Every structure is written in structure tokens, then in C-alpha cells.
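Enquirer: Handing over target31.cif, mmCIF, C-alpha atoms.
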data_structure
#
loop_
_atom_site.label_atom_id
_atom_site.label_comp_id
_atom_site.auth_asym_id
_atom_site.auth_seq_id
_atom_site.Cartn_x
_atom_site.Cartn_y
_atom_site.Cartn_z
CA MET A 1 -71.31 135.52 184.60
CA ILE A 2 -72.87 135.38 181.19
CA SER A 3 -74.78 132.17 181.77
CA ALA A 4 -76.81 133.66 184.61
CA HIS A 5 -79.58 136.12 183.98
CA PRO A 6 -78.35 139.59 184.88
CA ASN A 7 -80.58 141.62 187.17
CA ARG A 8 -80.52 144.60 184.85
CA TYR A 9 -80.69 145.24 181.14
CA THR A 10 -77.36 146.31 179.60
CA SER A 11 -76.64 150.05 179.38
CA THR A 12 -76.98 149.84 175.60
CA ALA A 13 -80.40 148.18 175.87
CA ILE A 14 -81.49 150.82 178.40
CA ALA A 15 -80.23 153.67 176.20
CA LEU A 16 -81.99 152.26 173.12
CA HIS A 17 -85.19 151.65 175.09
CA TRP A 18 -85.54 155.23 176.28
CA LEU A 19 -84.25 156.82 173.10
CA LEU A 20 -86.76 154.87 171.02
CA ALA A 21 -89.55 155.49 173.54
CA LEU A 22 -89.06 159.24 173.21
CA GLY A 23 -88.48 159.01 169.46
CA ILE A 24 -91.61 156.97 168.82
CA LEU A 25 -93.73 159.29 170.94
CA GLY A 26 -92.30 162.29 169.07
CA VAL A 27 -92.70 160.91 165.57
CA PHE A 28 -96.22 159.67 166.37
CA SER A 29 -97.28 163.09 167.68
CA LEU A 30 -95.76 164.76 164.63
CA GLY A 31 -97.62 162.33 162.37
CA LEU A 32 -100.93 163.11 164.09
CA TYR A 33 -100.34 166.85 163.90
CA MET A 34 -99.16 167.10 160.32
CA ALA A 35 -101.84 164.91 158.76
CA ASP A 36 -104.54 167.61 158.91
CA LEU A 37 -102.43 170.62 157.93
CA PRO A 38 -103.27 172.55 154.77
CA PHE A 39 -100.77 172.37 151.93
CA SER A 40 -97.85 174.64 152.86
CA PRO A 41 -94.05 174.69 153.00
CA GLN A 42 -94.41 173.98 156.72
CA ARG A 43 -96.33 170.79 156.01
CA VAL A 44 -93.81 169.68 153.38
CA LYS A 45 -91.06 170.17 155.99
CA LEU A 46 -92.93 168.29 158.70
CA TYR A 47 -93.72 165.37 156.40
CA ASN A 48 -90.09 165.03 155.43
CA TRP A 49 -88.91 165.33 159.05
CA HIS A 50 -91.45 162.65 159.99
CA LYS A 51 -90.05 160.35 157.27
CA TRP A 52 -86.42 161.04 158.23
CA ALA A 53 -87.20 160.42 161.90
CA GLY A 54 -89.19 157.27 161.06
CA VAL A 55 -86.35 155.80 159.03
CA THR A 56 -83.90 156.72 161.81
CA LEU A 57 -86.10 154.89 164.33
CA LEU A 58 -86.29 151.92 161.97
CA ALA A 59 -82.49 151.79 161.76
CA LEU A 60 -82.20 152.06 165.56
CA SER A 61 -84.80 149.29 165.87
CA VAL A 62 -82.62 147.03 163.73
CA LEU A 63 -79.71 147.72 166.11
CA ARG A 64 -81.99 147.14 169.06
CA LEU A 65 -83.25 143.81 167.76
CA MET A 66 -79.71 142.65 167.05
CA TRP A 67 -78.68 143.69 170.54
CA ARG A 68 -81.70 141.96 172.06
CA LEU A 69 -80.93 138.72 170.21
CA THR A 70 -77.31 138.70 171.33
CA HIS A 71 -77.72 139.83 174.95
CA ARG A 72 -79.60 138.05 177.66
CA PRO A 73 -82.30 140.10 179.35
CA PRO A 74 -83.02 139.81 183.09
CA ALA A 75 -85.14 136.85 184.18
CA ASP A 76 -88.87 137.31 184.62
CA ALA A 77 -89.89 138.73 187.95
CA PRO A 78 -92.09 136.45 190.05
CA MET A 79 -95.64 136.87 188.78
CA PRO A 80 -98.57 134.73 187.62
CA ALA A 81 -97.88 132.74 184.46
CA TRP A 82 -100.55 134.57 182.46
CA GLN A 83 -98.88 137.87 183.27
CA GLN A 84 -95.53 136.53 182.12
CA ARG A 85 -97.10 135.34 178.90
CA ALA A 86 -98.86 138.67 178.43
CA ALA A 87 -95.62 140.58 179.07
CA HIS A 88 -93.75 138.53 176.47
CA LEU A 89 -96.59 138.84 173.99
CA VAL A 90 -96.58 142.63 174.43
CA HIS A 91 -92.81 142.75 173.92
CA ARG A 92 -93.07 140.68 170.75
CA ALA A 93 -95.91 142.82 169.41
CA LEU A 94 -93.92 145.98 170.12
CA TYR A 95 -90.86 144.66 168.29
CA LEU A 96 -93.03 143.63 165.35
CA LEU A 97 -94.56 147.11 165.19
CA PHE A 98 -91.16 148.85 165.50
CA PHE A 99 -90.60 147.46 162.01
CA ALA A 100 -94.10 147.31 160.57
CA VAL A 101 -95.01 150.96 161.25
CA PRO A 102 -92.02 152.64 159.56
CA MET A 103 -91.95 150.06 156.75
CA MET A 104 -95.61 150.83 155.97
CA GLY A 105 -94.83 154.54 156.00
CA TRP A 106 -91.89 153.99 153.68
CA ALA A 107 -94.01 151.77 151.40
CA TYR A 108 -96.71 154.46 151.32
CA SER A 109 -94.16 157.12 150.44
CA SER A 110 -92.77 154.95 147.63
CA ALA A 111 -96.17 154.07 146.19
CA ALA A 112 -97.26 157.73 146.37
CA GLY A 113 -94.29 158.68 144.18
CA PHE A 114 -92.35 160.54 146.87
CA PRO A 115 -89.22 158.51 147.52
CA ILE A 116 -87.54 159.13 150.85
CA VAL A 117 -84.29 161.07 150.73
CA TRP A 118 -82.88 160.58 154.22
CA PHE A 119 -82.06 163.99 155.73
CA GLY A 120 -82.40 165.39 152.22
CA VAL A 121 -79.12 163.70 151.27
CA LEU A 122 -79.38 159.92 150.98
CA PRO A 123 -81.98 158.62 148.52
CA LEU A 124 -83.47 155.38 149.84
CA PRO A 125 -84.66 152.65 147.50
CA ASP A 126 -88.38 152.45 146.83
CA LEU A 127 -90.15 149.58 148.57
CA LEU A 128 -92.95 149.60 146.01
CA PRO A 129 -93.43 150.95 142.49
CA VAL A 130 -95.49 154.12 142.12
CA ASP A 131 -99.16 153.18 142.35
CA LYS A 132 -101.60 155.80 143.62
CA ALA A 133 -104.38 153.34 144.42
CA LEU A 134 -102.00 151.15 146.39
CA ALA A 135 -100.65 154.23 148.20
CA GLU A 136 -104.16 155.22 149.27
CA ALA A 137 -104.75 151.66 150.50
CA ILE A 138 -101.52 151.60 152.53
CA LYS A 139 -101.90 155.06 154.09
CA PRO A 140 -104.57 154.13 156.66
CA VAL A 141 -102.74 150.88 157.51
CA HIS A 142 -99.67 152.93 158.48
CA GLY A 143 -101.93 154.99 160.76
CA TRP A 144 -103.70 151.98 162.33
CA LEU A 145 -100.42 150.22 163.03
CA ALA A 146 -99.00 153.40 164.56
CA TRP A 147 -102.04 153.62 166.84
CA ALA A 148 -101.64 149.93 167.69
CA LEU A 149 -98.00 150.58 168.62
CA VAL A 150 -98.95 153.48 170.89
CA VAL A 151 -101.82 151.57 172.54
CA ILE A 152 -99.67 148.49 173.17
CA ALA A 153 -96.84 150.71 174.47
CA ALA A 154 -99.39 152.27 176.84
CA LEU A 155 -100.28 148.75 178.08
CA HIS A 156 -96.57 148.13 178.60
CA VAL A 157 -96.27 151.37 180.62
CA ALA A 158 -99.39 150.54 182.63
CA ALA A 159 -97.97 147.12 183.50
CA ALA A 160 -94.62 148.65 184.51
CA LEU A 161 -96.43 151.17 186.73
CA LYS A 162 -98.50 148.38 188.29
CA HIS A 163 -95.28 146.56 189.20
CA GLN A 164 -93.81 149.75 190.62
CA LEU A 165 -96.81 151.15 192.47
CA ILE A 166 -98.96 148.14 193.37
CA ASP A 167 -96.65 145.10 193.46
CA ARG A 168 -93.71 147.26 194.63
CA ASP A 169 -91.32 144.65 193.24
CA GLY A 170 -88.81 147.17 191.88
CA LEU A 171 -89.11 145.72 188.37
CA ILE A 172 -88.67 149.13 186.75
CA ALA A 173 -85.11 149.42 188.12
CA ARG A 174 -84.01 146.86 185.51
CA MET A 175 -84.68 149.39 182.79
CA TRP A 176 -84.08 152.61 184.70
CA PRO A 177 -81.11 154.69 183.50
CA GLY A 178 -78.30 155.14 186.00
CA ARG A 179 -75.99 153.01 188.06
CA ALA A 180 -76.66 149.32 188.52
CA GLY A 181 -77.69 147.91 191.90
CA ALA A 182 -80.22 150.64 192.68
CA MET B 1 -106.89 193.53 83.29
CA ARG B 2 -103.23 194.21 82.95
CA THR B 3 -102.69 195.71 86.36
CA PRO B 4 -104.25 192.91 88.43
CA THR B 5 -102.34 190.28 86.44
CA PHE B 6 -99.13 192.11 87.05
CA SER B 7 -99.76 192.55 90.75
CA THR B 8 -100.83 188.90 91.07
CA ALA B 9 -97.61 187.80 89.40
CA LEU B 10 -95.66 190.06 91.68
CA ALA B 11 -97.38 188.71 94.74
CA LEU B 12 -96.79 185.19 93.56
CA ALA B 13 -93.10 185.90 92.96
CA ALA B 14 -92.79 187.43 96.42
CA LEU B 15 -94.48 184.43 97.95
CA LEU B 16 -92.20 182.01 96.12
CA ALA B 17 -89.13 183.94 97.14
CA ALA B 18 -90.27 183.87 100.72
CA LEU B 19 -91.26 180.20 100.76
CA PRO B 20 -88.00 178.53 101.75
CA VAL B 21 -87.85 180.76 104.81
CA GLN B 22 -91.50 180.76 105.70
CA ALA B 23 -92.25 177.10 105.08
CA GLN B 24 -93.10 176.25 108.65
CA GLN B 25 -92.22 173.06 110.33
CA LYS B 26 -95.04 171.50 112.25
CA LEU B 27 -95.03 170.14 115.76
CA VAL B 28 -96.39 166.63 116.30
CA PRO B 29 -97.79 167.09 119.83
CA ALA B 30 -98.50 163.40 120.46
CA GLN B 31 -94.81 162.63 120.02
CA SER B 32 -93.53 165.67 121.86
CA GLU B 33 -92.96 166.28 125.51
CA ILE B 34 -92.09 169.15 127.82
CA ALA B 35 -91.22 168.06 131.33
CA PHE B 36 -89.73 169.67 134.41
CA LEU B 37 -87.88 168.38 137.41
CA THR B 38 -87.33 170.03 140.75
CA ARG B 39 -86.52 168.89 144.26
CA GLN B 40 -88.62 169.10 147.36
CA MET B 41 -86.30 168.70 150.37
CA GLY B 42 -84.04 166.57 148.25
CA VAL B 43 -86.87 164.49 146.81
CA PRO B 44 -87.10 164.64 143.02
CA VAL B 45 -90.50 165.84 141.87
CA ASP B 46 -91.20 165.77 138.18
CA GLY B 47 -94.05 166.92 136.06
CA ARG B 48 -95.00 167.65 132.52
CA PHE B 49 -97.17 169.96 130.48
CA ARG B 50 -99.97 168.36 128.54
CA ARG B 51 -100.69 171.33 126.28
CA PHE B 52 -98.12 173.33 124.39
CA ASP B 53 -97.46 174.46 120.88
CA ALA B 54 -94.44 175.48 118.92
CA GLN B 55 -94.01 177.59 115.83
CA VAL B 56 -90.83 176.65 114.06
CA THR B 57 -89.44 178.23 110.97
CA PHE B 58 -86.19 176.51 110.43
CA ASP B 59 -83.96 175.87 107.48
CA PRO B 60 -80.56 174.39 108.39
CA LYS B 61 -79.06 176.40 105.53
CA GLN B 62 -80.41 179.71 106.73
CA LEU B 63 -80.00 179.68 110.47
CA THR B 64 -80.08 183.45 110.75
CA ALA B 65 -83.66 183.33 109.54
CA ALA B 66 -84.67 180.59 111.96
CA ARG B 67 -87.49 181.43 114.33
CA ILE B 68 -88.54 179.17 117.13
CA SER B 69 -91.29 180.06 119.49
CA PHE B 70 -93.28 178.22 122.07
CA THR B 71 -96.39 178.62 124.07
CA ILE B 72 -97.06 176.41 127.04
CA ASP B 73 -100.40 176.19 128.82
CA LEU B 74 -99.31 176.44 132.43
CA GLY B 75 -102.66 175.14 133.60
CA SER B 76 -101.91 171.83 131.91
CA ALA B 77 -99.12 170.85 134.31
CA THR B 78 -99.32 167.39 135.81
CA ILE B 79 -97.10 166.62 138.76
CA GLY B 80 -98.42 163.43 140.28
CA THR B 81 -100.77 164.56 143.02
CA ALA B 82 -104.05 166.38 142.57
CA GLU B 83 -103.31 168.52 145.60
CA THR B 84 -100.02 169.80 144.20
CA GLU B 85 -101.55 170.35 140.78
CA ALA B 86 -104.29 172.52 142.30
CA GLU B 87 -101.61 174.43 144.21
CA LEU B 88 -99.64 175.14 141.02
CA LEU B 89 -102.51 177.16 139.55
CA LYS B 90 -102.61 179.54 142.52
CA PRO B 91 -101.17 183.08 142.55
CA ASP B 92 -98.08 182.00 144.53
CA TRP B 93 -97.15 179.58 141.76
CA PHE B 94 -98.14 179.96 138.10
CA ASP B 95 -101.10 182.27 138.73
CA THR B 96 -102.80 180.82 135.67
CA LYS B 97 -105.80 183.17 135.89
CA LYS B 98 -103.56 186.16 135.17
CA PHE B 99 -100.81 184.37 133.25
CA PRO B 100 -102.25 181.35 131.44
CA GLN B 101 -99.24 180.81 129.20
CA ALA B 102 -95.49 180.76 129.24
CA THR B 103 -93.72 181.70 126.04
CA PHE B 104 -90.32 181.35 124.52
CA THR B 105 -89.21 183.34 121.49
CA SER B 106 -85.86 182.75 119.90
CA THR B 107 -83.57 185.65 119.10
CA ALA B 108 -80.63 183.72 117.68
CA VAL B 109 -79.92 180.19 116.52
CA LYS B 110 -76.33 179.08 116.26
CA GLN B 111 -74.92 175.86 114.91
CA VAL B 112 -72.37 174.47 117.37
CA GLY B 113 -71.82 171.02 115.86
CA ALA B 114 -73.37 168.39 113.65
CA GLY B 115 -77.04 168.43 114.58
CA LYS B 116 -76.27 170.65 117.55
CA LEU B 117 -77.70 174.08 117.98
CA ASP B 118 -77.61 176.76 120.61
CA VAL B 119 -80.95 178.49 120.66
CA THR B 120 -80.95 181.80 122.47
CA GLY B 121 -84.19 183.50 123.24
CA THR B 122 -86.47 185.08 125.77
CA LEU B 123 -88.42 183.00 128.22
CA SER B 124 -91.48 184.70 129.68
CA ILE B 125 -93.36 183.23 132.59
CA LYS B 126 -95.77 184.99 134.93
CA GLY B 127 -94.93 188.44 133.62
CA SER B 128 -91.15 188.07 133.95
CA SER B 129 -88.85 187.69 130.96
CA HIS B 130 -85.33 186.38 131.04
CA PRO B 131 -82.86 185.42 128.32
CA VAL B 132 -81.95 181.76 128.10
CA THR B 133 -79.67 179.74 125.85
CA VAL B 134 -80.82 176.23 125.22
CA PRO B 135 -78.64 173.54 123.68
CA VAL B 136 -80.69 171.52 121.21
CA LEU B 137 -79.87 168.22 119.61
CA LEU B 138 -81.51 167.57 116.25
CA ALA B 139 -81.95 164.03 115.05
CA PRO B 140 -83.85 162.67 112.07
CA SER B 141 -86.27 159.91 112.95
CA GLY B 142 -88.06 158.54 109.93
CA THR B 143 -90.05 161.29 108.31
CA PHE B 144 -89.76 163.36 111.47
CA THR B 145 -87.04 165.29 113.16
CA THR B 146 -86.73 165.32 116.91
CA ALA B 147 -85.30 168.24 118.80
CA THR B 148 -84.25 167.38 122.33
CA GLY B 149 -82.59 169.38 125.02
CA SER B 150 -82.74 170.64 128.53
CA PHE B 151 -81.90 173.73 130.48
CA THR B 152 -82.14 174.86 134.06
CA LEU B 153 -84.03 177.91 135.19
CA LYS B 154 -84.31 179.51 138.59
CA ARG B 155 -87.94 179.53 139.62
CA LEU B 156 -87.56 182.64 141.78
CA ASP B 157 -86.45 184.66 138.71
CA PHE B 158 -90.06 184.23 137.60
CA ARG B 159 -91.67 184.46 141.04
CA ILE B 160 -92.78 180.84 140.76
CA GLY B 161 -93.38 179.79 144.34
CA ASP B 162 -93.86 183.17 146.00
CA GLY B 163 -94.67 184.01 149.62
CA ASP B 164 -93.80 181.22 152.06
CA TRP B 165 -92.73 179.05 149.13
CA LYS B 166 -89.70 181.28 148.46
CA ASP B 167 -87.89 179.02 150.92
CA THR B 168 -85.51 177.13 148.63
CA SER B 169 -84.67 174.66 151.42
CA VAL B 170 -88.17 173.26 150.84
CA VAL B 171 -88.49 173.60 147.06
CA ALA B 172 -85.18 174.00 145.21
CA ASN B 173 -84.71 177.15 143.15
CA GLU B 174 -83.31 175.16 140.23
CA VAL B 175 -85.85 173.63 137.91
CA GLN B 176 -84.65 171.50 135.06
CA VAL B 177 -86.76 171.73 131.94
CA ARG B 178 -86.49 168.88 129.45
CA PHE B 179 -88.11 168.75 126.07
CA LYS B 180 -88.47 166.47 123.12
CA LEU B 181 -90.17 168.00 120.15
CA THR B 182 -91.09 166.01 117.11
CA LEU B 183 -91.30 168.12 113.96
CA THR B 184 -92.31 167.47 110.41
CA GLY B 185 -90.86 169.22 107.42
CA VAL B 186 -87.29 169.88 108.56
CA ALA B 187 -85.23 169.69 105.40
CA GLY B 188 -81.63 168.80 104.71
CA LEU B 189 -80.36 167.49 108.00
#
What would the structure in this file look like if it were written as C-alpha cells?
Expert:
Amino acid sequence: MISAHPNRYTSTAIALHWLLALGILGVFSLGLYMADLPFSPQRVKLYNWHKWAGVTLLALSVLRLMWRLTHRPPADAPMPAWQQRAAHLVHRALYLLFFAVPMMGWAYSSAAGFPIVWFGVLPLPDLLPVDKALAEAIKPVHGWLAWALVVIAALHVAAALKHQLIDRDGLIARMWPGRAGA
Amino acid sequence: MRTPTFSTALALAALLAALPVQAQQKLVPAQSEIAFLTRQMGVPVDGRFRRFDAQVTFDPKQLTAARISFTIDLGSATIGTAETEAELLKPDWFDTKKFPQATFTSTAVKQVGAGKLDVTGTLSIKGSSHPVTVPVLLAPSGTFTTATGSFTLKRLDFRIGDGDWKDTSVVANEVQVRFKLTLTGVAGL
């Protein structure tokens, strides 16, 4: 049973996929919105919520990667080899960015002299010593990587929709929440 | 001739009598520090004041005559980011245009142990005055004497962080003030 490729992702993988999809979209939108706000208690709150959410997504991404490495995903659907390669490349890039984006944000926060205190309770270690110049250099990188994540995720969604609407191969069912065998 | 000589002698005698009490200790600003620490949603944020002065008249043998007073230039606060520093000057925070300085004036100095004092006085910031008691540790260091201590004030008692900033879930009400003052001329420690 385990040696064969299942035809669906595990429930845990599906739950993590959708939870992180919503979480990433939320934290990205929050990041875009808060960046241009004038200095105010509201902005301080939003920045901290963004950091707490980002660290939470990072922790969930660690779980997700561990799950992915220990559970076999479904086999590739029949498709041209270049599409298979592209799909795997996109998945790898997404996983890389799940870590790179929050780590850059965390590093920026550390270098800027504002350590992250998770949910206002748990102080996290600083990734970098306080260095304003370094913080200013990291800040845009965090933004670019976040944009890269969203653009690549959009590619991933576009490909999934192409399978569903054009190829009509039912690929999306592998990751769709609900009962197996749909 | 007689009268001026007499009055000069009298003045001199008065001055001499007053000297032990009025001989002021001097602050060495370069070796002194006044810092503060608060929390922003759990994140420690600390800053310091670059300009302050202290007037200290202090003789360990005559504590009842001791006078300690401070002035702090609130506009000299550094807190790590230019944006926050600019914010601190505004009316919601220190309102430095109307209230450029904070002051502390002692009302009583009590010895509570070897080199340990409790200094009670009035702290005035932004037009509000509140009594505070500050534990101070005195320690000789070469030709100097250092006075160190800390106390916690509630920023809202002084309307520091008014308006939307009153929300203590964003910026904690408690602000810890730490100081290290290096003085010259403290005798008999």
C-alpha cells in the first residue's frame, strides 16, 4: 500500500496546503497594506501581527516540509515532460520561498533592532546583530522574495486551473479537501 | 573703613560656615547615562537621553541637607529609529515645544544601607508632577563616585503617549528609567 503512489495527497498535506495558501495570501496582503501607513498605534499592531503570522507560517512550513519528505505524494499525471519538470521546479521554488521570505523578514526585524516577540509572549532569538544599514539592505529583499512567492504561486494556480478546465484530467482532486475517491 | 571690613569678615564667615553644605558635586556627563526601557507589543524598546544635567549638593554626613536635582532635555532622546525619535517630540508624546525639559527635585534623602540611599522627590514631565522614590547605589570609582539606580514610572501619569497611543496593549504603561551618574567631589564615602 505504501510502496505505490497514492492517488491523493494525505489529509494532513491537504490541510497544510490550504491553510498555508490562505495564510500566505493574508500575510502578504497585510504586508502590502501596512508598509505605506503613517506612524500610528495601528501600524505598530499590524507590523507585529504580520511578524507573528509570518513566524507561524514559517513553523507550519517546517512541519509541511517534514511531512512532505516522509510521505509519498501522488504520481505525476500524464503530461509532457517539460510540464512535469516545470511543475516540480515550481514546487521546489515555492518550498524554498516558504522559508526564505519569513527568514528575511525575521532577519530584517533583528537587524533593525526590533526583535520578534511571538504573540507578544515568546521572545525569538535574533538572526542578525543590530545593524541599520544591513536592515535597510535586507528590507527590499524580503519584499522581492514575497512578490516572487506570490507570482510563482499564481503560476501554480494557473497550471492547476489549466489541468482542471482545459485538460480536464481531474488533477485538482488530489489536493481538494473532502473525501477521497471523488 | 571699619564697617566694610567687618561686613566682609562676616560675609566670609557665613560663606565658610555654609561651605560644607554648599560645596556642590559636579556631574561628569561623558561618564553618565540616563536610559529608559519600555515595551511595544512585548518587544523591548530602549532609548537614552543625550543631554541632561544634575545639581547635587551631597554630604554623606549631612543627608538632611542633601539636594539632588535633575534636568533632562526631552528633545535629546534617542530610541533607535529616526521615525520614532521624530514622533517622540510631538504633542502626543513629550511635546518638546511646550515642555522642553523634565525635572526631578529631591525632597528627602535617606540612608538605607552602606552606600545605599532612598531619594524621594518630585518628578515633573510635560506639566505633570508626581512623587517618586528612587533607590540609589553609591560607589566610589577612582576620583569619582558613581550613583546608579532605576525606577519605574507609568507613562500615562504624565500623559506621555496621548490620544491613540494611550492603548497600553501597544506601548506598555510601565517605563523603566535607569541611570548612572558619575560625580566628582563626593566626600567621605
Enquirer: Contacts of Val121 (chain A) at 10 Å or less, counting all atoms listed in the file, minus same-chain residues fewer than 6 places along, as an NGL selection string?
Expert: :B and (41-43)
Enquirer: As an exercise, work out the distance from CA of Met175 (chain A) to CA of Lys51 (chain A) in Å and give it to one decimal place.
Expert: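 Spanning CA of Met175 (chain A) to CA of Lys51 (chain A) is a straight-line distance of 28.3 Å.
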Enquirer: Residues of chain B within 9 Å of chain A, counting only C-alpha atoms - could you list those as a VMD selection string?
Expert: chain B and resid 40 to 45 80 to 81 83 to 84 87 164 to 165 167 170 to 171
Enquirer: I'd like the interatomic distance between CA of Phe151 (chain B) and CA of Leu88 (chain B), to a tenth of an Å.
Expert: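 Answer for the CA of Phe151 (chain B) to CA of Leu88 (chain B) separation: 20.7 Å.
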Enquirer: Would you mind listing what lies within 12 Å of Thr38 (chain B) as a VMD selection string, with only C-alpha atoms counted and same-chain residues fewer than 4 positions away left out?
Expert: chain B and resid 42 to 48 79 152 to 155 168 to 178
Enquirer: I want to know what sits within 12 Å of Pro131 (chain B), based on all atoms listed in the file, with residues of the same chain fewer than 6 positions away left out; could you give that as a short mmCIF file (atom, residue, chain, number, x, y, z; two decimals) with C-alpha atoms, keeping the file's coordinate frame?
Expert:
data_model
loop_
_atom_site.label_atom_id
_atom_site.label_comp_id
_atom_site.auth_asym_id
_atom_site.auth_seq_id
_atom_site.Cartn_x
_atom_site.Cartn_y
_atom_site.Cartn_z
CA THR B 103 -93.72 181.70 126.04
CA PHE B 104 -90.32 181.35 124.52
CA THR B 105 -89.21 183.34 121.49
CA SER B 106 -85.86 182.75 119.90
CA THR B 107 -83.57 185.65 119.10
CA ALA B 108 -80.63 183.72 117.68
CA VAL B 119 -80.95 178.49 120.66
CA THR B 120 -80.95 181.80 122.47
CA GLY B 121 -84.19 183.50 123.24
CA THR B 122 -86.47 185.08 125.77
CA LEU B 123 -88.42 183.00 128.22
CA SER B 124 -91.48 184.70 129.68
CA ILE B 125 -93.36 183.23 132.59
CA PHE B 151 -81.90 173.73 130.48
CA LEU B 153 -84.03 177.91 135.19
CA LYS B 154 -84.31 179.51 138.59
CA ASP B 157 -86.45 184.66 138.71
CA PHE B 158 -90.06 184.23 137.60
#
Enquirer: Do a neighbour search on region 102-108 of chain A at 7 Å with only C-alpha atoms, toss out local chain neighbours closer than 6 positions, and write the hits as JSON, numbers by chain.
Expert: {"A": [54, 55, 58, 127, 128, 135, 138, 139, 142]}
Enquirer: Taking the point (-105.1, 175.1, 133.1) as given in the file, collect each protein or nucleic acid residue that comes within 9 Å of it, counting all atoms listed in the file, and present the set as a PDB file with C-alpha atoms, keeping the file's coordinate frame.
Expert:
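Output file part.pdb is given in full below:
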ATOM      1  CA  ARG B  51    -100.690 171.330 126.280  1.00  0.00           C
ATOM      2  CA  ASP B  73    -100.400 176.190 128.820  1.00  0.00           C
ATOM      3  CA  LEU B  74     -99.310 176.440 132.430  1.00  0.00           C
ATOM      4  CA  GLY B  75    -102.660 175.140 133.600  1.00  0.00           C
ATOM      5  CA  SER B  76    -101.910 171.830 131.910  1.00  0.00           C
ATOM      6  CA  ALA B  77     -99.120 170.850 134.310  1.00  0.00           C
ATOM      7  CA  LEU B  89    -102.510 177.160 139.550  1.00  0.00           C
ATOM      8  CA  THR B  96    -102.800 180.820 135.670  1.00  0.00           C
ATOM      9  CA  LYS B  97    -105.800 183.170 135.890  1.00  0.00           C
ATOM     10  CA  PRO B 100    -102.250 181.350 131.440  1.00  0.00           C
TER      11      PRO B 100
END
